[in-house]
Structures are given as C-alpha cells and as structure tokens.
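To start, the structure under review is shown below, and the notes come after it.
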Amino acid sequence: MSITYKQAAGAAFALVGATATATWNIRNDRLEELDSIVNSYEAAESWKVPETIAKLDKSVEYLNSELGLIAENQKYKEEIDELMAQVSELSETVSMKNNQISALEDKVAEQEQFVNEFFSDTEEFVLEKNTSIGFFGAEIVVALNDVYEVLGDADITINNSKHRIEVGSIIPVTSANKTCDLIFNEFVGYDSIKLSILCKEI
C-alpha cells in the first residue's frame, strides 16, 4: 500500500500537534506545582513561622507542666488514700479500746456495788504521823505512830494495840456491832499513809 504526499503531510501535522499538546500539558503541571510551592511560602510567611513555633514550644512546655502537676497530684492522692486507711484502722483500734474501757468500768462498778452491798460502812482516809481518827463514836480508833517509807512499812495503833504494817496489809477490827477490815493502801508522803476501813454489821 502506498502513502500519498498529502497523507504523509497530514500525519506529520498530527504528530507535531500531539507533541505540542503533551508538552503544553507537562508545562502546565509544572507551573501548577511551582505555583503551589510559592503559595505555601507566602502562606508560611503570613503565618509568621518563628512566632508560631515559639507559641507551639510554649504550649508544649505548658502541657508538660500540667502533666507534671497531674502526676504529682496523683502521688498526693495515693498518699492521702494511704493515710485515710491508717486513720480508719486507728479509729477501729480506738473503738475497740473504748469498748474494753467501758467493759472494765462496768466491772469496777459491779465490784463497787458488791462492796457497798456487802459492807455497811466503807471509808478511805489519810493519816499523818502522830495523828489519829475515830470511827463509830470512837469504838475504833486508828493512830499513825511512825512511817518508814524507805523500808516500806509503818507503825499504827488500833484501839491501843500496836501493829507494824506494809502496803496491802489487812488487819481485822471488831467493834460492838461491826466487824471491819483495815487496809493499808499506799504511802502518801514521807510522813503520811492512806488506809481504807470496810465494815459490815454483825
């Protein structure tokens, strides 16, 4: 098949046209890319990049500070929770001790009631050296003659009967219508002692 001159010329023009069109498209794409880059630079300049970066740095610093405060607050919260647990435990211990004290007070009250019911007369008194005290119209007279605190004893006279006693000593005493116990409780000073007398009717 033979190609005429006219056909060859047409083909040549078509090829040139296609090449020109492709070149124009490539050139337009590059121009658009360059325009985008220029716009980015212009936008960056309008954004004041150094100031923006400085603000971002401050924001990051602030966030780090807040995170540090959050972590510190969490630590304090854990310490507070631990202290609250200790307080709760101590409250339980105090409550238990109070219950024990209450039980002991009840027991003491029962013992005091028993003593008061069993003995018609009870009295606690302090005697100084060379003094005396009388009970029931002088039916029972107790005198302190001497005190030996260093040795832990004392000399007393009960109704003209002499006794050397020490802390905890119990001396039976009888009057016309009562039977009593005289108890040496403690030393009050270098020249005085505390005693109790418990009496019940015969």
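Ligands are numbered from 1 in the order shown, residues from 1 within each chain, and chains are lettered A, B, ... in the order they appear in the structure tokens.
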
Residues near Val188 of chain A, cut-off 10 Å, only C-alpha atoms, skip fewer than 3 positions along chain, as a JSON list (two decimals) with N, CA and C atoms, in the first residue's frame:
```json
[["chain", "number", "residue", "atom", "x", "y", "z"],
["A", 126, "VAL", "N", -6.66, 9.41, 154.97],
["A", 126, "VAL", "CA", -5.21, 9.61, 155.06],
["A", 126, "VAL", "C", -4.87, 9.97, 156.50],
["A", 127, "LEU", "N", -3.84, 9.30, 157.03],
["A", 127, "LEU", "CA", -3.34, 9.61, 158.38],
["A", 127, "LEU", "C", -1.93, 10.16, 158.27],
["A", 128, "GLU", "N", -1.68, 11.26, 158.98],
["A", 128, "GLU", "CA", -0.33, 11.79, 159.08],
["A", 128, "GLU", "C", 0.30, 11.29, 160.38],
["A", 149, "GLU", "N", 8.96, 4.92, 155.04],
["A", 149, "GLU", "CA", 8.71, 4.77, 153.61],
["A", 149, "GLU", "C", 9.85, 4.04, 152.91],
["A", 185, "ASN", "N", -3.38, 1.09, 152.08],
["A", 185, "ASN", "CA", -3.40, 1.25, 150.61],
["A", 185, "ASN", "C", -2.06, 1.68, 150.02],
["A", 191, "ASP", "N", 5.64, 11.13, 155.59],
["A", 191, "ASP", "CA", 5.10, 11.05, 156.95],
["A", 191, "ASP", "C", 3.59, 10.83, 156.97],
["A", 192, "SER", "N", 3.01, 10.27, 155.88],
["A", 192, "SER", "CA", 1.57, 10.01, 155.87],
["A", 192, "SER", "C", 1.27, 8.79, 154.99],
["A", 193, "ILE", "N", 0.15, 8.13, 155.32],
["A", 193, "ILE", "CA", -0.27, 6.94, 154.58],
["A", 193, "ILE", "C", -1.77, 7.01, 154.32],
["A", 194, "LYS", "N", -2.22, 6.24, 153.33],
["A", 194, "LYS", "CA", -3.64, 6.17, 153.00],
["A", 194, "LYS", "C", -4.14, 4.76, 153.39]]
```

Residues within 12 Å of Val147 of chain A, please, as an MDAnalysis selection string. Count only C-alpha atoms; anything in the same chain fewer than 3 positions from it doesn't count. chainID A and resid 127:131 143:144 150:156 164:167 186:194

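Counting from atom CA of Val142 of chain A, the distance to atom CA of Leu182 of chain A is 9.2 Å.
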
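Taking segment 65-141 of chain A and asking which residues DSSP calls strand (DSSP E) on the backbone, you get Asp121, Thr122, Glu123, Glu124, Phe125, Val126, Leu127, Glu128, Thr131, Ser132, Ile133, Gly134, Phe135, Ile140 and Val141 of chain A.
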